[in-house]
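Student: Take this structure first; my questions come after.
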Amino acid sequence: MELIITSDYASMNRKAADTISATIKEKPNCVLGLATGSTPVGTYKELVKRNQQHQIDFSQVITFNLDEYIGIGIDLSKPYSQDQSYARFMHEQLFSHINIKRENIHMPDGTAENLEKHCSDYEQKIKQMKGIDLQLLGIGANGHIAFNEPGSSLASRTRIQPLDPKTLNDNYEKFYKKAGIKKEDMPHYAFTMGVGTILESRHALLLGSGKNKAKAVAEAIEGPVTSKITASALQLHPGQVTIILDQPAASELTWSLKLVRENLA
Ligand code: GLP
């Protein structure tokens, strides 16, 4: 596990974009797993900038998003409504600004008629593409990755997951409130890649920003591996793991922070 502590949010995003760019340059038709939330917004801005300056090319890149709210639809061929779907988020933050092919974008559909089949088909598609080369991840304040809420099996696969009250609250404050949507009207279930699915990516890249993530980050990196903090499963990742934090998110690390400081000294 490689731990990179950056001075602030902007440098965290530059580092994250460096890692993603390196993957694309090494393998132009790589499979990227993508995340939503406020954390990767700056990383996406950086990728858009690099693509527009012709430093990276998305024309052969294939993507799979981690999760989506249930009950919210997608139609990548139509303009987006003011819903809070992750599909709309990805379109606005990344896809509509880069030279990616629509057919190479895979987003879960929260309105799929047969959700169980949709989950297994999604897993199947990832397998057909020979797995995920680089999986970008954020971390919830309760330690979740994707929507793998506390108590999710560390071997879990792509499935429908009820949302934890903490997640509902955090995401309501960050996204739904601004859109004028009542809390009781926000989706209470989500489609999520499982922890086991995420652990099969060849390289996992976790980003953490802000003081409100410090406790979850410390528990994920230094605590025991536990389904209470599903990000802690990254300690069991058999491939490459890179964690990029800004200083506030790293502020509750103890021994690993000491190690980083000693290495820098
Ligand atoms: C959300 C998403 C996660 C995301 C996390 C953190 O609920 N399901 O994929 O990483 O919570 O979100 P944020 O970056 O907004 O803090």
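Going by the structure tokens order, chains are called A, B, ..., each with residues numbered from 1, while ligands are numbered from 1 in the order shown.
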Considering only C-alpha atoms, return as a ChimeraX atom specification whatever protein or nucleic-acid residues lie within 12 Å of Ala22 in chain A, sequence-local ones (same chain, fewer than 4 positions apart) excluded.
Tutor: /A:15-18,26-28,30,47,50,55-57,133-134
Student: I need the residues from that last selection saved to file as a short mmCIF file (atom, residue, chain, number, x, y, z; two decimals), in the first residue's frame (with all heavy atoms), if you can.
Tutor:
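Saved as result-v4.cif:
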data_model
loop_
_atom_site.label_atom_id
_atom_site.label_comp_id
_atom_site.auth_asym_id
_atom_site.auth_seq_id
_atom_site.Cartn_x
_atom_site.Cartn_y
_atom_site.Cartn_z
N LYS A 15 -2.09 14.76 -8.14
CA LYS A 15 -1.46 13.43 -7.96
C LYS A 15 -2.37 12.33 -8.49
O LYS A 15 -1.92 11.38 -9.14
CB LYS A 15 -1.19 13.17 -6.47
CG LYS A 15 0.05 13.85 -5.95
CD LYS A 15 1.25 12.90 -6.07
CE LYS A 15 2.51 13.61 -5.66
NZ LYS A 15 3.65 13.28 -6.46
N ALA A 16 -3.66 12.45 -8.17
CA ALA A 16 -4.62 11.42 -8.62
C ALA A 16 -4.68 11.42 -10.15
O ALA A 16 -4.65 10.34 -10.77
CB ALA A 16 -6.00 11.71 -8.03
N ALA A 17 -4.71 12.62 -10.74
CA ALA A 17 -4.75 12.71 -12.21
C ALA A 17 -3.46 12.15 -12.82
O ALA A 17 -3.50 11.53 -13.89
CB ALA A 17 -4.98 14.16 -12.64
N ASP A 18 -2.33 12.33 -12.12
CA ASP A 18 -1.06 11.75 -12.61
C ASP A 18 -1.17 10.23 -12.68
O ASP A 18 -0.73 9.60 -13.65
CB ASP A 18 0.10 12.08 -11.65
CG ASP A 18 0.52 13.55 -11.70
OD1 ASP A 18 0.11 14.25 -12.63
OD2 ASP A 18 1.27 13.98 -10.79
N GLU A 26 0.05 4.07 -20.40
CA GLU A 26 0.62 2.72 -20.46
C GLU A 26 -0.28 1.77 -21.24
O GLU A 26 0.17 0.90 -21.96
CB GLU A 26 0.82 2.22 -19.03
CG GLU A 26 1.75 1.04 -18.95
CD GLU A 26 1.80 0.48 -17.55
OE1 GLU A 26 1.97 1.27 -16.60
OE2 GLU A 26 1.66 -0.76 -17.42
N LYS A 27 -1.60 1.94 -21.05
CA LYS A 27 -2.57 1.05 -21.70
C LYS A 27 -3.72 1.90 -22.22
O LYS A 27 -4.68 2.16 -21.48
CB LYS A 27 -3.06 0.01 -20.67
CG LYS A 27 -3.92 -1.07 -21.24
CD LYS A 27 -4.31 -2.08 -20.17
CE LYS A 27 -5.29 -3.09 -20.70
NZ LYS A 27 -5.87 -3.93 -19.65
N PRO A 28 -3.65 2.37 -23.46
CA PRO A 28 -4.66 3.30 -23.99
C PRO A 28 -6.09 2.75 -23.93
O PRO A 28 -7.04 3.51 -23.86
CB PRO A 28 -4.21 3.54 -25.43
CG PRO A 28 -2.74 3.25 -25.41
CD PRO A 28 -2.55 2.14 -24.41
N CYS A 30 -7.34 0.95 -21.49
CA CYS A 30 -7.50 0.45 -20.12
C CYS A 30 -8.95 0.56 -19.66
O CYS A 30 -9.75 1.30 -20.23
CB CYS A 30 -6.60 1.23 -19.16
SG CYS A 30 -7.03 2.96 -19.05
N LEU A 47 -8.38 16.00 -15.18
CA LEU A 47 -8.37 15.08 -16.33
C LEU A 47 -8.94 15.76 -17.57
O LEU A 47 -8.43 15.58 -18.68
CB LEU A 47 -9.16 13.80 -16.01
CG LEU A 47 -8.55 12.86 -14.97
CD1 LEU A 47 -9.51 11.71 -14.68
CD2 LEU A 47 -7.19 12.31 -15.41
N ARG A 50 -6.31 18.07 -18.94
CA ARG A 50 -5.24 17.34 -19.62
C ARG A 50 -5.72 16.76 -20.96
O ARG A 50 -4.97 16.70 -21.92
CB ARG A 50 -4.69 16.22 -18.72
CG ARG A 50 -3.98 16.79 -17.51
CD ARG A 50 -3.44 15.72 -16.60
NE ARG A 50 -3.04 16.31 -15.32
CZ ARG A 50 -2.23 15.72 -14.46
NH1 ARG A 50 -1.73 14.53 -14.71
NH2 ARG A 50 -1.92 16.32 -13.32
N GLN A 55 -2.93 15.95 -23.66
CA GLN A 55 -1.92 15.19 -22.91
C GLN A 55 -2.39 13.75 -22.67
O GLN A 55 -1.57 12.86 -22.49
CB GLN A 55 -1.64 15.88 -21.57
CG GLN A 55 -0.97 17.23 -21.72
CD GLN A 55 -0.95 17.98 -20.41
OE1 GLN A 55 -0.96 17.39 -19.33
NE2 GLN A 55 -0.94 19.28 -20.47
N ILE A 56 -3.71 13.56 -22.57
CA ILE A 56 -4.23 12.18 -22.43
C ILE A 56 -5.41 11.99 -23.38
O ILE A 56 -6.16 12.92 -23.66
CB ILE A 56 -4.68 11.81 -20.98
CG1 ILE A 56 -5.44 12.97 -20.32
CG2 ILE A 56 -3.55 11.27 -20.15
CD1 ILE A 56 -6.14 12.56 -19.05
N ASP A 57 -5.53 10.73 -23.82
CA ASP A 57 -6.53 10.41 -24.84
C ASP A 57 -7.49 9.36 -24.27
O ASP A 57 -7.07 8.27 -23.87
CB ASP A 57 -5.77 9.87 -26.06
CG ASP A 57 -6.71 9.39 -27.14
OD1 ASP A 57 -7.89 9.78 -27.14
OD2 ASP A 57 -6.24 8.60 -28.01
N ASP A 133 -8.58 -2.15 -14.57
CA ASP A 133 -7.15 -1.87 -14.41
C ASP A 133 -6.91 -0.93 -13.24
O ASP A 133 -6.01 -1.15 -12.43
CB ASP A 133 -6.58 -1.24 -15.70
CG ASP A 133 -6.59 -2.24 -16.84
OD1 ASP A 133 -5.90 -3.26 -16.70
OD2 ASP A 133 -7.29 -2.02 -17.84
N LEU A 134 -7.71 0.13 -13.17
CA LEU A 134 -7.52 1.12 -12.10
C LEU A 134 -8.88 1.52 -11.57
O LEU A 134 -9.74 2.00 -12.34
CB LEU A 134 -6.79 2.36 -12.64
CG LEU A 134 -6.58 3.50 -11.64
CD1 LEU A 134 -5.60 3.10 -10.54
CD2 LEU A 134 -6.07 4.76 -12.34
#
Student: If you run DSSP on this backbone, which residues of range 12-251 of chain A come out as strand (DSSP E), and could you give them as a PyMOL selection string?
Tutor: chain A and resi 31-34+62-65+67-69+105-106+134-137+159-162+189-192+203-208+240-246
Student: Using only C-alpha atoms and all ligand atoms, determine which residues fall within 6 Å of ligand 1, then list them as a PyMOL selection string.
Tutor: chain A and resi 35-39+137-140+145-147+167
Student: Keeping N, CA, C and O atoms for every residue in the selection just given, could you write it to a file as a PDB file, in the first residue's frame?
Tutor:
ATOM      1  N   ALA A  35     -15.554   6.832  -9.671  1.00  0.00           N
ATOM      2  CA  ALA A  35     -16.311   7.111  -8.444  1.00  0.00           C
ATOM      3  C   ALA A  35     -17.016   8.461  -8.564  1.00  0.00           C
ATOM      4  O   ALA A  35     -16.619   9.314  -9.359  1.00  0.00           O
ATOM      5  N   THR A  36     -18.029   8.626  -7.753  1.00  0.00           N
ATOM      6  CA  THR A  36     -18.733   9.913  -7.689  1.00  0.00           C
ATOM      7  C   THR A  36     -18.500  10.537  -6.314  1.00  0.00           C
ATOM      8  O   THR A  36     -17.660  10.060  -5.557  1.00  0.00           O
ATOM      9  N   GLY A  37     -19.253  11.571  -6.001  1.00  0.00           N
ATOM     10  CA  GLY A  37     -19.080  12.255  -4.711  1.00  0.00           C
ATOM     11  C   GLY A  37     -18.316  13.551  -4.910  1.00  0.00           C
ATOM     12  O   GLY A  37     -17.806  13.828  -6.002  1.00  0.00           O
ATOM     13  N   SER A  38     -18.203  14.320  -3.847  1.00  0.00           N
ATOM     14  CA  SER A  38     -17.527  15.619  -3.969  1.00  0.00           C
ATOM     15  C   SER A  38     -16.008  15.449  -4.090  1.00  0.00           C
ATOM     16  O   SER A  38     -15.342  16.269  -4.717  1.00  0.00           O
ATOM     17  N   THR A  39     -15.458  14.372  -3.539  1.00  0.00           N
ATOM     18  CA  THR A  39     -13.999  14.207  -3.520  1.00  0.00           C
ATOM     19  C   THR A  39     -13.357  14.212  -4.911  1.00  0.00           C
ATOM     20  O   THR A  39     -12.424  14.978  -5.139  1.00  0.00           O
ATOM     21  N   LEU A 137     -11.535   5.445  -6.031  1.00  0.00           N
ATOM     22  CA  LEU A 137     -12.469   5.317  -4.896  1.00  0.00           C
ATOM     23  C   LEU A 137     -12.438   6.568  -4.033  1.00  0.00           C
ATOM     24  O   LEU A 137     -11.375   7.154  -3.828  1.00  0.00           O
ATOM     25  N   GLY A 138     -13.594   6.940  -3.497  1.00  0.00           N
ATOM     26  CA  GLY A 138     -13.640   7.903  -2.403  1.00  0.00           C
ATOM     27  C   GLY A 138     -13.881   7.117  -1.126  1.00  0.00           C
ATOM     28  O   GLY A 138     -13.948   5.880  -1.162  1.00  0.00           O
ATOM     29  N   ILE A 139     -14.024   7.802  -0.035  1.00  0.00           N
ATOM     30  CA  ILE A 139     -14.352   7.114   1.220  1.00  0.00           C
ATOM     31  C   ILE A 139     -15.456   7.905   1.918  1.00  0.00           C
ATOM     32  O   ILE A 139     -15.391   9.140   1.993  1.00  0.00           O
ATOM     33  N   GLY A 140     -16.455   7.196   2.392  1.00  0.00           N
ATOM     34  CA  GLY A 140     -17.528   7.858   3.134  1.00  0.00           C
ATOM     35  C   GLY A 140     -17.047   8.187   4.547  1.00  0.00           C
ATOM     36  O   GLY A 140     -16.078   7.584   5.034  1.00  0.00           O
ATOM     37  N   ILE A 145     -16.725   2.272   0.998  1.00  0.00           N
ATOM     38  CA  ILE A 145     -16.256   2.469  -0.374  1.00  0.00           C
ATOM     39  C   ILE A 145     -17.431   2.081  -1.272  1.00  0.00           C
ATOM     40  O   ILE A 145     -18.134   1.118  -0.989  1.00  0.00           O
ATOM     41  N   ALA A 146     -17.596   2.848  -2.360  1.00  0.00           N
ATOM     42  CA  ALA A 146     -18.823   2.777  -3.178  1.00  0.00           C
ATOM     43  C   ALA A 146     -19.998   2.943  -2.206  1.00  0.00           C
ATOM     44  O   ALA A 146     -19.970   3.842  -1.373  1.00  0.00           O
ATOM     45  N   PHE A 147     -20.998   2.056  -2.267  1.00  0.00           N
ATOM     46  CA  PHE A 147     -22.065   2.129  -1.255  1.00  0.00           C
ATOM     47  C   PHE A 147     -22.014   0.874  -0.386  1.00  0.00           C
ATOM     48  O   PHE A 147     -23.039   0.356   0.029  1.00  0.00           O
ATOM     49  N   THR A 167     -24.885   8.006   5.730  1.00  0.00           N
ATOM     50  CA  THR A 167     -24.708   8.283   4.296  1.00  0.00           C
ATOM     51  C   THR A 167     -25.872   9.113   3.762  1.00  0.00           C
ATOM     52  O   THR A 167     -25.678  10.078   3.024  1.00  0.00           O
TER      53      THR A 167
END
Student: Among range 16-89 of chain A, which ones does DSSP assign to helix (DSSP H, G or I) (computed from the backbone)? Answer as a list in words.
Tutor: Ala16, Ala17, Asp18, Thr19, Ile20, Ser21, Ala22, Thr23, Ile24, Lys25, Glu26, Val41, Gly42, Thr43, Tyr44, Lys45, Glu46, Leu47, Val48, Lys49, Arg50, Asn51, Gln52, Tyr86, Ala87, Arg88 and Phe89 of chain A
Student: Between CA of Val195 in chain A and CA of Glu103 in chain A, what is the distance, to one decimal in Å?
Tutor: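 If I compute the distance from CA of Val195 in chain A to CA of Glu103 in chain A, I get 25.8 Å.
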Student: Closest to Ile72 in chain A among A:Arg14, A:His203, A:Lys213, A:His188, using only C-alpha atoms?
Tutor: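 Ranking A:Arg14, A:His203, A:Lys213, A:His188 by distance to Ile72 in chain A, first place goes to A:His188.
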Student: What gap, in Å, lies between CA of Thr158 in chain A and CA of Asn142 in chain A?
Tutor: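 For CA of Thr158 in chain A relative to CA of Asn142 in chain A, the distance reads 19.6 Å.
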Student: Find the residues near Met90 in chain A: any atom within 9 Å, counting only C-alpha atoms, skip ones fewer than 3 places away on the same chain, and give them as a PyMOL selection string.
Tutor: chain A and resi 34-36+65+85-87+93-96
Student: Grab the residues selected above and save them as an mmCIF file, in the first residue's frame with N, CA, C and O atoms.
Tutor:
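Output contents, as saved in part_31.cif:
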data_model
loop_
_atom_site.group_PDB
_atom_site.id
_atom_site.type_symbol
_atom_site.label_atom_id
_atom_site.label_comp_id
_atom_site.auth_asym_id
_atom_site.auth_seq_id
_atom_site.Cartn_x
_atom_site.Cartn_y
_atom_site.Cartn_z
ATOM 1 N N LEU A 34 -14.755 4.165 -11.994
ATOM 2 C CA LEU A 34 -14.879 5.570 -11.594
ATOM 3 C C LEU A 34 -15.810 5.755 -10.404
ATOM 4 O O LEU A 34 -16.718 4.947 -10.174
ATOM 5 N N ALA A 35 -15.554 6.832 -9.671
ATOM 6 C CA ALA A 35 -16.311 7.111 -8.444
ATOM 7 C C ALA A 35 -17.016 8.461 -8.564
ATOM 8 O O ALA A 35 -16.619 9.314 -9.359
ATOM 9 N N THR A 36 -18.029 8.626 -7.753
ATOM 10 C CA THR A 36 -18.733 9.913 -7.689
ATOM 11 C C THR A 36 -18.500 10.537 -6.314
ATOM 12 O O THR A 36 -17.660 10.060 -5.557
ATOM 13 N N ASN A 65 -18.759 2.676 -13.688
ATOM 14 C CA ASN A 65 -18.959 3.426 -12.434
ATOM 15 C C ASN A 65 -19.306 2.487 -11.300
ATOM 16 O O ASN A 65 -19.845 1.403 -11.491
ATOM 17 N N SER A 85 -28.867 11.857 -10.141
ATOM 18 C CA SER A 85 -28.270 10.571 -10.508
ATOM 19 C C SER A 85 -26.762 10.725 -10.637
ATOM 20 O O SER A 85 -26.248 11.784 -11.013
ATOM 21 N N TYR A 86 -26.068 9.647 -10.375
ATOM 22 C CA TYR A 86 -24.622 9.641 -10.570
ATOM 23 C C TYR A 86 -24.297 9.693 -12.061
ATOM 24 O O TYR A 86 -23.228 10.167 -12.455
ATOM 25 N N ALA A 87 -25.246 9.207 -12.884
ATOM 26 C CA ALA A 87 -25.046 9.293 -14.334
ATOM 27 C C ALA A 87 -24.952 10.757 -14.751
ATOM 28 O O ALA A 87 -24.061 11.142 -15.515
ATOM 29 N N GLN A 93 -19.487 16.239 -14.888
ATOM 30 C CA GLN A 93 -18.125 16.445 -14.381
ATOM 31 C C GLN A 93 -17.041 15.954 -15.335
ATOM 32 O O GLN A 93 -15.946 16.484 -15.337
ATOM 33 N N LEU A 94 -17.373 14.902 -16.113
ATOM 34 C CA LEU A 94 -16.310 14.299 -16.919
ATOM 35 C C LEU A 94 -16.706 13.975 -18.361
ATOM 36 O O LEU A 94 -16.136 14.536 -19.296
ATOM 37 N N PHE A 95 -17.678 13.085 -18.510
ATOM 38 C CA PHE A 95 -17.884 12.473 -19.823
ATOM 39 C C PHE A 95 -18.167 13.469 -20.949
ATOM 40 O O PHE A 95 -17.694 13.286 -22.072
ATOM 41 N N SER A 96 -18.940 14.518 -20.652
ATOM 42 C CA SER A 96 -19.315 15.440 -21.749
ATOM 43 C C SER A 96 -18.151 16.345 -22.154
ATOM 44 O O SER A 96 -18.245 17.057 -23.140
#
Student: So that I can check the surroundings of Gly151 in chain A, please list as a list of chain:residue names every protein, DNA and RNA residue that reaches within 12 Å of it, counting only C-alpha atoms and ignoring chain neighbours fewer than 5 positions away.
Tutor: A:Asn142, A:Gly143, A:His144, A:Ser156, A:Gln161, A:Pro162, A:Leu163, A:Asp164, A:Val195, A:Val225, A:Thr226, A:Ser227, A:Lys228, A:Ile229, A:Thr230, A:Ala231
Student: Residues of the last selection are to be written out with N, CA, C and O atoms, as a tab-separated table (two decimals), in the first residue's frame.
Tutor:
chain	number	residue	atom	x	y	z
A	142	ASN	N	-18.35	7.29	7.08
A	142	ASN	CA	-18.52	6.06	7.89
A	142	ASN	C	-17.59	4.95	7.40
A	142	ASN	O	-17.75	3.79	7.77
A	143	GLY	N	-16.64	5.29	6.55
A	143	GLY	CA	-15.64	4.30	6.12
A	143	GLY	C	-16.06	3.48	4.91
A	143	GLY	O	-15.35	2.53	4.55
A	144	HIS	N	-17.18	3.83	4.27
A	144	HIS	CA	-17.61	2.98	3.14
A	144	HIS	C	-16.81	3.27	1.86
A	144	HIS	O	-16.28	4.36	1.69
A	156	SER	N	-18.41	-9.29	-0.67
A	156	SER	CA	-19.66	-8.98	-1.38
A	156	SER	C	-19.44	-8.66	-2.85
A	156	SER	O	-18.39	-8.16	-3.25
A	161	GLN	N	-28.11	-2.25	-2.13
A	161	GLN	CA	-27.74	-2.07	-0.72
A	161	GLN	C	-28.58	-0.94	-0.10
A	161	GLN	O	-28.66	0.15	-0.66
A	162	PRO	N	-29.21	-1.20	1.06
A	162	PRO	CA	-29.89	-0.08	1.74
A	162	PRO	C	-28.85	0.91	2.28
A	162	PRO	O	-27.76	0.49	2.69
A	163	LEU	N	-29.17	2.18	2.25
A	163	LEU	CA	-28.19	3.18	2.67
A	163	LEU	C	-28.22	3.40	4.17
A	163	LEU	O	-29.28	3.42	4.80
A	164	ASP	N	-27.04	3.60	4.72
A	164	ASP	CA	-26.83	3.85	6.13
A	164	ASP	C	-27.36	5.27	6.46
A	164	ASP	O	-27.23	6.18	5.64
A	195	VAL	N	-17.55	-5.19	-2.29
A	195	VAL	CA	-16.16	-5.06	-1.82
A	195	VAL	C	-15.30	-6.09	-2.56
A	195	VAL	O	-14.19	-5.78	-3.02
A	225	VAL	N	-8.96	-4.95	9.88
A	225	VAL	CA	-9.83	-5.16	8.73
A	225	VAL	C	-11.20	-5.56	9.27
A	225	VAL	O	-11.32	-6.55	9.98
A	226	THR	N	-12.19	-4.74	8.96
A	226	THR	CA	-13.52	-5.01	9.51
A	226	THR	C	-14.61	-4.54	8.56
A	226	THR	O	-14.44	-3.51	7.87
A	227	SER	N	-15.72	-5.27	8.58
A	227	SER	CA	-16.85	-4.88	7.72
A	227	SER	C	-17.51	-3.60	8.24
A	227	SER	O	-18.36	-3.03	7.57
A	228	LYS	N	-17.10	-3.15	9.44
A	228	LYS	CA	-17.66	-1.87	9.94
A	228	LYS	C	-17.09	-0.70	9.13
A	228	LYS	O	-17.68	0.36	9.05
A	229	ILE	N	-15.87	-0.90	8.63
A	229	ILE	CA	-15.19	0.14	7.82
A	229	ILE	C	-14.80	-0.58	6.53
A	229	ILE	O	-13.71	-1.17	6.45
A	230	THR	N	-15.65	-0.54	5.52
A	230	THR	CA	-15.38	-1.42	4.38
A	230	THR	C	-14.11	-1.01	3.62
A	230	THR	O	-13.50	-1.84	2.95
A	231	ALA	N	-13.69	0.26	3.76
A	231	ALA	CA	-12.43	0.67	3.11
A	231	ALA	C	-11.24	-0.08	3.69
A	231	ALA	O	-10.19	-0.18	3.03
Student: Using only C-alpha atoms, which protein or nucleic acid residues come within 10 Å of His237 in chain A? Drop anything in the same chain fewer than 6 positions from it, and give the result as a ChimeraX atom specification.
Tutor: /A:1,196,198-204
Student: With all heavy atoms retained, export the selected residues as a CSV table (one decimal), in the first residue's frame.
Tutor:
chain,number,residue,atom,x,y,z
A,1,MET,N,0.9,-1.2,0.0
A,1,MET,CA,0.0,0.0,0.0
A,1,MET,C,0.9,1.2,0.0
A,1,MET,O,1.8,1.4,0.8
A,1,MET,CB,-0.9,0.0,1.3
A,1,MET,CG,-1.9,1.0,1.3
A,1,MET,SD,-2.9,1.0,2.8
A,1,MET,CE,-4.2,-0.2,2.5
A,196,GLY,N,-15.8,-7.3,-2.7
A,196,GLY,CA,-15.1,-8.4,-3.4
A,196,GLY,C,-14.8,-8.0,-4.8
A,196,GLY,O,-13.7,-8.3,-5.4
A,198,ILE,N,-14.5,-4.9,-6.0
A,198,ILE,CA,-13.5,-3.8,-6.0
A,198,ILE,C,-12.1,-4.4,-5.7
A,198,ILE,O,-11.1,-4.0,-6.3
A,198,ILE,CB,-13.9,-2.8,-4.9
A,198,ILE,CG1,-15.1,-2.0,-5.3
A,198,ILE,CG2,-12.7,-1.8,-4.6
A,198,ILE,CD1,-15.8,-1.2,-4.3
A,199,LEU,N,-12.0,-5.4,-4.9
A,199,LEU,CA,-10.7,-6.0,-4.6
A,199,LEU,C,-10.1,-6.8,-5.8
A,199,LEU,O,-8.9,-7.1,-5.8
A,199,LEU,CB,-10.8,-7.0,-3.4
A,199,LEU,CG,-11.1,-6.4,-2.0
A,199,LEU,CD1,-11.2,-7.4,-0.9
A,199,LEU,CD2,-10.1,-5.3,-1.6
A,200,GLU,N,-10.9,-7.0,-6.8
A,200,GLU,CA,-10.4,-7.7,-8.0
A,200,GLU,C,-9.8,-6.7,-9.0
A,200,GLU,O,-9.2,-7.1,-10.0
A,200,GLU,CB,-11.5,-8.5,-8.7
A,200,GLU,CG,-11.8,-9.8,-7.9
A,200,GLU,CD,-13.1,-10.5,-8.4
A,200,GLU,OE1,-13.7,-10.1,-9.5
A,200,GLU,OE2,-13.4,-11.5,-7.8
A,201,SER,N,-9.9,-5.4,-8.7
A,201,SER,CA,-9.3,-4.4,-9.6
A,201,SER,C,-7.8,-4.6,-9.5
A,201,SER,O,-7.3,-5.0,-8.4
A,201,SER,CB,-9.7,-3.0,-9.2
A,201,SER,OG,-9.3,-2.7,-7.9
A,202,ARG,N,-7.1,-4.3,-10.6
A,202,ARG,CA,-5.6,-4.5,-10.5
A,202,ARG,C,-4.9,-3.5,-9.7
A,202,ARG,O,-3.9,-3.7,-9.0
A,202,ARG,CB,-5.0,-4.6,-11.9
A,202,ARG,CG,-5.3,-6.0,-12.6
A,202,ARG,CD,-4.8,-6.1,-13.9
A,202,ARG,NE,-5.7,-5.6,-14.9
A,202,ARG,CZ,-6.8,-6.3,-15.4
A,202,ARG,NH1,-7.0,-7.5,-14.9
A,202,ARG,NH2,-7.5,-5.7,-16.3
A,203,HIS,N,-5.5,-2.3,-9.7
A,203,HIS,CA,-4.9,-1.2,-8.9
A,203,HIS,C,-6.0,-0.4,-8.3
A,203,HIS,O,-7.0,0.0,-9.0
A,203,HIS,CB,-4.1,-0.3,-9.9
A,203,HIS,CG,-3.3,0.8,-9.3
A,203,HIS,ND1,-2.5,1.7,-10.0
A,203,HIS,CD2,-3.3,1.3,-8.0
A,203,HIS,CE1,-2.0,2.6,-9.2
A,203,HIS,NE2,-2.4,2.4,-7.9
A,204,ALA,N,-6.0,-0.2,-7.0
A,204,ALA,CA,-7.1,0.6,-6.4
A,204,ALA,C,-6.5,2.0,-5.9
A,204,ALA,O,-5.4,2.0,-5.4
A,204,ALA,CB,-7.6,-0.1,-5.2
Student: From the set A:Met193, A:Ala233, A:Leu205, A:Ala179, which residue has the shortest atom-to-atom contact distance to Ile126 in chain A, counting only C-alpha atoms?
Tutor: A:Met193
Student: For each of A:Leu32, A:Tyr44, A:Ala216, A:Ile70, take the minimum atom-to-atom distance to Pro187 in chain A, counting only C-alpha atoms, then give the residue where this is smallest.
Tutor: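 Looking only at the distances to Pro187 in chain A, the closest residue turns out to be A:Ile70.
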Student: Within 7 Å of range 239-246 of chain A, counting only C-alpha atoms, which residues show up once you throw out same-chain ones fewer than 4 positions away? Write them as JSON, numbers by chain, please.
Tutor: {"A": [1, 2, 3, 4, 5, 6, 7, 8, 9, 12, 202, 203, 204, 205, 206, 207, 208, 209, 210, 250]}
Student: Could the residues in this selection be written to a file with C-alpha atoms, as a CSV table (one decimal), in the first residue's frame?
Tutor:
chain,number,residue,atom,x,y,z
A,1,MET,CA,0.0,0.0,0.0
A,2,GLU,CA,1.4,3.3,-1.1
A,3,LEU,CA,0.4,6.3,1.0
A,4,ILE,CA,0.8,9.8,-0.4
A,5,ILE,CA,0.0,12.8,1.8
A,6,THR,CA,-0.4,16.1,-0.1
A,7,SER,CA,-0.6,19.6,1.2
A,8,ASP,CA,-4.1,20.4,0.0
A,9,TYR,CA,-7.1,19.3,-2.1
A,12,MET,CA,-4.3,15.6,-4.1
A,202,ARG,CA,-5.6,-4.5,-10.5
A,203,HIS,CA,-4.9,-1.2,-8.9
A,204,ALA,CA,-7.1,0.6,-6.4
A,205,LEU,CA,-6.7,4.4,-5.9
A,206,LEU,CA,-8.4,5.8,-2.9
A,207,LEU,CA,-8.7,9.6,-2.4
A,208,GLY,CA,-9.5,11.2,1.0
A,209,SER,CA,-10.0,14.9,1.5
A,210,GLY,CA,-11.1,17.0,4.5
A,250,ALA,CA,-4.4,12.4,7.1
Student: What is the distance between CA of Lys125 in chain A and CA of Ser59 in chain A, in Å to one decimal?
Tutor: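 About the pair CA of Lys125 in chain A and CA of Ser59 in chain A: they are 19.1 Å apart.
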Student: Name all residues at most 12 Å from Leu115 in chain A (count only C-alpha atoms; drop same-chain ones fewer than 5 positions away) and give them as a ChimeraX atom specification.
Tutor: /A:68-71,108-110,120-122,158-161,189-192
